[in-house]
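Worksheet: the structure to be examined is printed underneath.
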Amino acid sequence: MNISEETFIANLGIHIRQLREKKGMSQQDLADDCGITQNQVGRIERAEINTTVKTLVKIANALDLKPKDLLDFYIK
């Protein structure tokens, strides 16, 4: 199955938003826990940027997940 990079990044952003909301966290909460800005969290969730693996690890840690859990989602 081939998937475009844009589709993957968009679905990743949606998944991160869903996980964050499931934990009852605001974008600002997640940003504070990751040491990044709220603006960056929003841009990741809206697929406006292709974030780094380093930031994905920070997000996973802040959400109390394994990094692989961020990549375990259904592609629409």
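Naming scheme: A, B, ... for chains in displayed order of the structure tokens; residues 1 onward per chain; ligands 1 onward as shown.
Excluding stretch 26-43 of chain A itself and any same-chain residue fewer than 5 positions from it, the protein and nucleic acid residues within 9 Å of it, counting only C-alpha atoms, are Gly13, Arg17, Arg20, Glu21, Glu48, Ile49, Asn50, Thr51, Thr55, Lys58, Ile59, Asn61, Ala62 and Leu63 of chain A.
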Suppose we keep C-alpha atoms; can you now write the selection as a tab-separated table (two decimals), in the first residue's frame?
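The resulting file, out.tsv, is reproduced below:
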chain	number	residue	atom	x	y	z
A	13	GLY	CA	-1.73	15.05	13.42
A	17	ARG	CA	-4.99	15.43	18.71
A	20	ARG	CA	-4.20	14.47	23.64
A	21	GLU	CA	-7.94	15.06	24.03
A	48	GLU	CA	1.26	22.27	8.72
A	49	ILE	CA	4.74	21.02	9.64
A	50	ASN	CA	6.64	17.76	9.39
A	51	THR	CA	7.89	17.44	12.93
A	55	THR	CA	9.58	16.02	19.10
A	58	LYS	CA	8.65	14.23	23.63
A	59	ILE	CA	4.95	14.06	22.69
A	61	ASN	CA	6.43	10.83	26.79
A	62	ALA	CA	4.05	13.68	27.65
A	63	LEU	CA	1.08	11.48	26.73
Report the distance between atom CA of A:Val57 and atom CA of A:Lys76 in Å, rounded to one decimal place.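 Atom CA of A:Lys76 lies at a distance of 23.5 Å from atom CA of A:Val57.
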Would you mind listing what lies within 9 Å of A:Glu45 as a list of chain:residue names, with only C-alpha atoms counted and same-chain residues fewer than 5 positions away left out?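 Returned residues: A:Ile9, A:Ala10, A:Asn11, A:Leu12, A:Gly13, A:Ile14, A:His15, A:Ile16, A:Arg17, A:Gln40.
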Expected answer as a VMD selection string: alpha helix (DSSP H) residues in chain A: chain A and resid 5 to 22 27 to 34 38 to 45 53 to 62 67 to 70
Now that the selection is made, can you save its residues with C-alpha atoms as a compact mmCIF listing (two decimals), in the first residue's frame?
# COMPACT_ATOMS: atom_id res chain seq x y z
CA GLU A 5 3.73 11.77 2.90
CA GLU A 6 1.07 14.45 3.18
CA THR A 7 -1.64 11.91 3.98
CA PHE A 8 0.52 10.25 6.61
CA ILE A 9 1.41 13.57 8.29
CA ALA A 10 -2.25 14.66 8.25
CA ASN A 11 -3.39 11.40 9.85
CA LEU A 12 -0.58 11.58 12.40
CA GLY A 13 -1.73 15.05 13.42
CA ILE A 14 -5.31 13.88 13.82
CA HIS A 15 -4.15 10.91 15.90
CA ILE A 16 -2.03 13.08 18.18
CA ARG A 17 -4.99 15.43 18.71
CA GLN A 18 -7.25 12.48 19.57
CA LEU A 19 -4.73 11.06 22.03
CA ARG A 20 -4.20 14.47 23.64
CA GLU A 21 -7.94 15.06 24.03
CA LYS A 22 -8.43 11.54 25.41
CA GLN A 27 -2.57 22.05 23.42
CA GLN A 28 -0.89 24.29 25.99
CA ASP A 29 -0.66 21.43 28.50
CA LEU A 30 1.00 19.21 25.92
CA ALA A 31 3.32 22.00 24.81
CA ASP A 32 4.39 22.70 28.39
CA ASP A 33 5.10 19.02 29.03
CA CYS A 34 7.12 18.77 25.81
CA GLN A 38 1.44 25.72 21.82
CA ASN A 39 1.70 27.05 18.28
CA GLN A 40 3.97 24.15 17.35
CA VAL A 41 1.53 21.61 18.81
CA GLY A 42 -1.27 23.16 16.76
CA ARG A 43 0.81 23.12 13.60
CA ILE A 44 1.67 19.44 14.14
CA GLU A 45 -1.98 18.56 14.70
CA VAL A 53 11.39 12.29 15.63
CA LYS A 54 12.81 14.06 18.68
CA THR A 55 9.58 16.02 19.10
CA LEU A 56 7.49 12.89 18.55
CA VAL A 57 9.37 11.20 21.41
CA LYS A 58 8.65 14.23 23.63
CA ILE A 59 4.95 14.06 22.69
CA ALA A 60 4.80 10.33 23.40
CA ASN A 61 6.43 10.83 26.79
CA ALA A 62 4.05 13.68 27.65
CA PRO A 67 6.65 6.44 20.56
CA LYS A 68 5.36 3.56 18.41
CA ASP A 69 1.85 4.22 19.77
CA LEU A 70 1.84 7.60 18.00
